[in-house]
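Remarks on the structure that follows.
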Amino acid sequence: MGVNMNIGEAIMRSKGNWPSDDRELIINIQKDEVDEEEAARLKAIDDKMAAKNYQPTTREIWFIGWTNHNGTKKNGIFQSKSTSAPDKARLQEVYEAIQHGEIPVGVDNMQKFTKAHAMRLYKVLKEKRKHAIIKNIIENMPDNYHLITDFKAFSTFLGMVRQEEEFAIDTETTGLDYFNDEIVGLSFTLPTFDYHCYIPVRHTEGKQLLPEYVFSKLKPILENPDQKKIFFNAKFDVHMLIREDIWCQNVWFDGYVAMKLLSDLEDSYSLKNLATKFGKHFGFEDRSIPYEELFGNGGFQDAQFITSDGRRGIAVYYTCKDTALTYAFYKYFVMKQFERLPKLKKLYFDIERPITEVSVEMEQNGFRIDMEFAATYGRKLTHQIDRLERVLTEVFNGININSNQQLSEELFDRLKLDKHFPDKWKRSVDAKTLKKLSQYHRGVKLLLKYRELSKLYNTYVLPMPEKTVNGYLHGQFLQVQTATGRFASKGPNLQNLPQIARKLIISSPGMVIMGADYSQIEPRVLAHFTQDESMIGAYVAGRDLYIELAMKVFNLEEKYCLDKAYDPTKTFQPRKAIKAVLLGIMYGMGSQSLAGNLGMTNEEAVKIIDDFYKAFPKIRSWMDERILFAEKNEYIETMFGRKRRFIGFKATAKRYHAVTKKVMDILGHLPDFIWHEDYKYLVPYDIKREYWDMSKEYTFTTRRVINTIIQGSAADIMKLAMVETAKICREKDYKMIATIHDEVLFEVPEDISEAAVNELVQAMLSVVSLRTPMKCDVAFQHRWSEEISQEEWFKGVAA
DNA sequence: CGGCTGGGCCAC
DNA sequence: AAACGTGGCCCAGCCG
């Protein structure tokens, strides 16, 4: 039966239809037909077995399989079920290449043609094609792509580059670590001469000019402030040049940064991909750019710049193409877009262009690490962590306490600690939940301690000293990484060090760390945008904003609204509550979260938010207006014209408003929670579902719209402040070492005068003129986080 | 083994 | 059946 069925299936499949009833199969296939077919097959096998040197056919090898003289059945290569999808595609390529005669079969005996052999052939094929591409490129290389390996060619190049007002430059290196890797060559594009060149200096093979010589000649050109340098991802090249003691001046343009401003939602910002997508707009159409796959995994120092017969090698093509592209992208694409979008042009040239150089300076400066202290602290931590780990492994039956999955199973399945919760579905093992659970199990409190210490050690105390270069920790500052325009930091992130880890950072000899932070910059920006007189009034009078807001919202006397004071009924702290409300409004917080934060009921939180908007109606109307703008235009912009797009928001809003109207028509109001029992039979499921989904999507976007304007405008102001204070730093040999969103950290001489401090502060305060005054607080510290106020500092200095 | 994801957690 | 915006790093676990 089984045999008949299988053959029947095979036949029906090959006919392209499929019987609905199994009986059809049995009826359609006659038993003797099957036997005949099977007998023929067996005879064929016998014949093949007779010949040990039987050569399986292409069809047998790839598609249907064959049997060798031992009787072992070999599957066709395409029959193997274990082949992954990408491997299948590779095998297909190999099959076709052999059919077309592109590559030979590569075996003298076809019995040896296995799947493994086919996969080896794939590599052969790739290599062959690569060589074909390279050969083609070398034969067709443009005449204006030049290779410079001798004095004469180099001096010709120098003569020309000195005449250029602007030129594109790119460096090739041994790697991406700009404190340890090295430049192996440089490429230039000189637009007026229509000249592109590559200068190898540290390639492993081939005659080259000495790096010291090349860099000594390039130094005055790259440091000449009158010549504009055009880059793609400038920060990297500028760092690499600093390794050669070249401090690039007039970093005029960075295609990567500019593109981020022009379009914030691209899938890729690599030059290659941007050229593929937009190349037709600046004369790079129909040119395939094979790029890095040509060079494999080896460093660029191994790439061939001259062929065995003396021609320009593939490295020349690759590098010259890169700067040619960099220049064309700048001149014929981005600058054209900037003419169309003058606000973005201004944002680029006023803020983002100069801030690139500031980022390089911060990254070069770095944080000085107290290595001794870090080592001692690390030993202390490992000791405690080891001890806790031993106890916890014992208490929790040998599970891996770092695994939340295992921990969750231990706490909730075996120890059944969730019985203490009314809401049993919550199986989270986050700190908030564990804190609540700690009273029911002695291990949980220890676990929290273990988490705290291991986080501190593994994320900060252990890696920070390891990442130092000559005692300094250099993170990266990314100027266009965030959706709002804030800086991001990585490798390590210097913007999220906990207070305790900040103690590892100390000032350089003779210097002191000076932090300057904008006081309440986001609420001030909000007051500015909304033009709400009450908010502005509080700032103008220099009063405590939160006291003012609390008095107004709760209609209370000042004494109830002071810091830590309670309202007359002694149920809550008005100042604290209003601070949470204000921050919450900027983040789009809902009443439930606010209630949770303030330890009050949802109803009370709803009332506070309601009262807040009633007291400051301009805030609500401004928010509504901005959201409407975003719905209509699908983008929003910050104070300095930085755009964030919300593609699809128009459609989302339309659907949201439509379903909202339906729900309103049914209920006469909008529910907080559509799945509540009360609406079970009143609202049809489809409408509930739509309302639920659309609310989530719509409110999520509205929160981002509002927050982007406020956070992004504060970020614009901060970046401008950094540009201005960096100028002072360069003049006076101060160092800027970091920005932490609303704060800048400097290293200044210990004997800095109060007037000099005020000059920095003044620079920060005067970059923008808002309807609200700005405020900037200063603190000094020899060990970061151990703050001395400006007043105390100068009292100490005077004494 | 490297890349990716999700949970958790640090900062503003 | 959810709830607060912007980030990056560590760990476990999964996938190819």
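So you can find residues: chains in the structure tokens are A, B, ... in the order shown, residues in each start at 1, and ligands are numbered from 1 in order.
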
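Any residue of chain A with an atom within 7 Å of chain C counts; using only C-alpha atoms (C1' of nucleotides), that gives A:Asn402, A:Ser403, A:Thr459, A:Ala488, A:Lys490, A:Asn493, A:Gly584, A:Tyr587, A:Gly588, A:Met589, A:Gly590, A:Gln592, A:Ser593, A:Arg704, A:Asn707.
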
> If we count only C-alpha atoms (C1' of nucleotides), which residues of chain B reach to within 12 Å of chain A? Please list them as an NGL selection string.
Replying inline: :B and (6-12)

>> Taking the DSSP secondary structure from the backbone, can you list the residues of segment 518-713 of chain A that are strand (DSSP E), as a PyMOL selection string?
In response: chain A and resi 518+635-637+643-645

> If we count only C-alpha atoms (C1' of nucleotides), what is near Tyr539 of chain A at a cut-off of 12 Å, once residues fewer than 2 positions away on the same chain are taken out, given as a PyMOL selection string?
Replying inline: chain A and resi 519-521+523-528+532-537+541-549+770-775

> How far is it from atom CA of Tyr269 of chain A to atom CA of Phe284 of chain A, in Å with one decimal?
Replying inline: 16.6 Å

> At what distance in Å, to one decimal, does atom CA of Tyr472 of chain A lie from atom CA of Tyr460 of chain A?
Replying inline: 14.4 Å

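Atom to atom, atom CA of Gly175 of chain A and atom CA of Thr319 of chain A stand 15.6 Å apart.
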
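Near segment 185-202 of chain A, within 7 Å and counting only C-alpha atoms (C1' of nucleotides), sit Asn144, Tyr145, His146, Leu147, Ile148, Thr149, Val161, Glu164, Phe167, Ala168, Ile169, Asp170, Thr171, Glu172, Thr173, Gln208, Leu209, Leu210, Pro211, Gln301, Val316, Thr319, Cys320, Thr323 and Ala324 of chain A; same-chain residues fewer than 3 positions away were not included.
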
> Among segment 71-140 of chain A, which ones does DSSP place in alpha helix (DSSP H), written as a PyMOL selection string?
Replying inline: chain A and resi 85-99+115-139

> Which one of A:Pro225, A:Pro220, A:Gly71, A:Gly641 sits closest to Asp716 of chain A if you count only C-alpha atoms?
Replying inline: A:Gly641

>> Set the distance at 8 Å and use only C-alpha atoms (C1' of nucleotides): which residues neighbour segment 391-401 of chain A once local chain neighbours fewer than 2 positions away are removed? I'd like the list as a list of chain:residue names.
In response: A:Arg387, A:Leu388, A:Glu389, A:Ser403, A:Asn404, A:Gln406, A:Leu407, A:Glu410, A:Gly443, A:Leu446, A:Leu447

Just to be explicit: take each residue in the selection above, keep N, CA and C atoms, and write the result as a PDB file, in the first residue's frame.
ATOM      1  N   ARG A 387      31.546  35.693  46.195  1.00  0.00           N
ATOM      2  CA  ARG A 387      30.901  35.177  47.399  1.00  0.00           C
ATOM      3  C   ARG A 387      29.392  35.084  47.195  1.00  0.00           C
ATOM      4  N   LEU A 388      28.805  36.160  46.658  1.00  0.00           N
ATOM      5  CA  LEU A 388      27.363  36.174  46.408  1.00  0.00           C
ATOM      6  C   LEU A 388      26.968  35.081  45.421  1.00  0.00           C
ATOM      7  N   GLU A 389      27.801  34.910  44.398  1.00  0.00           N
ATOM      8  CA  GLU A 389      27.501  33.913  43.370  1.00  0.00           C
ATOM      9  C   GLU A 389      27.442  32.511  43.979  1.00  0.00           C
ATOM     10  N   SER A 403      20.828  34.080  34.031  1.00  0.00           N
ATOM     11  CA  SER A 403      19.811  33.798  33.029  1.00  0.00           C
ATOM     12  C   SER A 403      18.434  34.146  33.575  1.00  0.00           C
ATOM     13  N   ASN A 404      17.802  35.153  32.968  1.00  0.00           N
ATOM     14  CA  ASN A 404      16.487  35.567  33.435  1.00  0.00           C
ATOM     15  C   ASN A 404      15.451  34.481  33.204  1.00  0.00           C
ATOM     16  N   GLN A 406      15.991  31.157  33.299  1.00  0.00           N
ATOM     17  CA  GLN A 406      16.131  30.143  34.353  1.00  0.00           C
ATOM     18  C   GLN A 406      15.663  30.703  35.698  1.00  0.00           C
ATOM     19  N   LEU A 407      15.966  31.966  35.913  1.00  0.00           N
ATOM     20  CA  LEU A 407      15.582  32.600  37.179  1.00  0.00           C
ATOM     21  C   LEU A 407      14.065  32.668  37.314  1.00  0.00           C
ATOM     22  N   GLU A 410      12.723  29.339  38.150  1.00  0.00           N
ATOM     23  CA  GLU A 410      13.034  29.013  39.539  1.00  0.00           C
ATOM     24  C   GLU A 410      12.077  29.736  40.499  1.00  0.00           C
ATOM     25  N   GLY A 443      16.874  34.656  49.285  1.00  0.00           N
ATOM     26  CA  GLY A 443      17.819  34.757  48.173  1.00  0.00           C
ATOM     27  C   GLY A 443      17.604  35.987  47.303  1.00  0.00           C
ATOM     28  N   LEU A 446      19.655  39.072  48.119  1.00  0.00           N
ATOM     29  CA  LEU A 446      21.050  38.855  47.734  1.00  0.00           C
ATOM     30  C   LEU A 446      21.217  38.953  46.217  1.00  0.00           C
ATOM     31  N   LEU A 447      20.212  38.455  45.520  1.00  0.00           N
ATOM     32  CA  LEU A 447      20.270  38.493  44.064  1.00  0.00           C
ATOM     33  C   LEU A 447      20.309  39.940  43.565  1.00  0.00           C
TER      34      LEU A 447
END
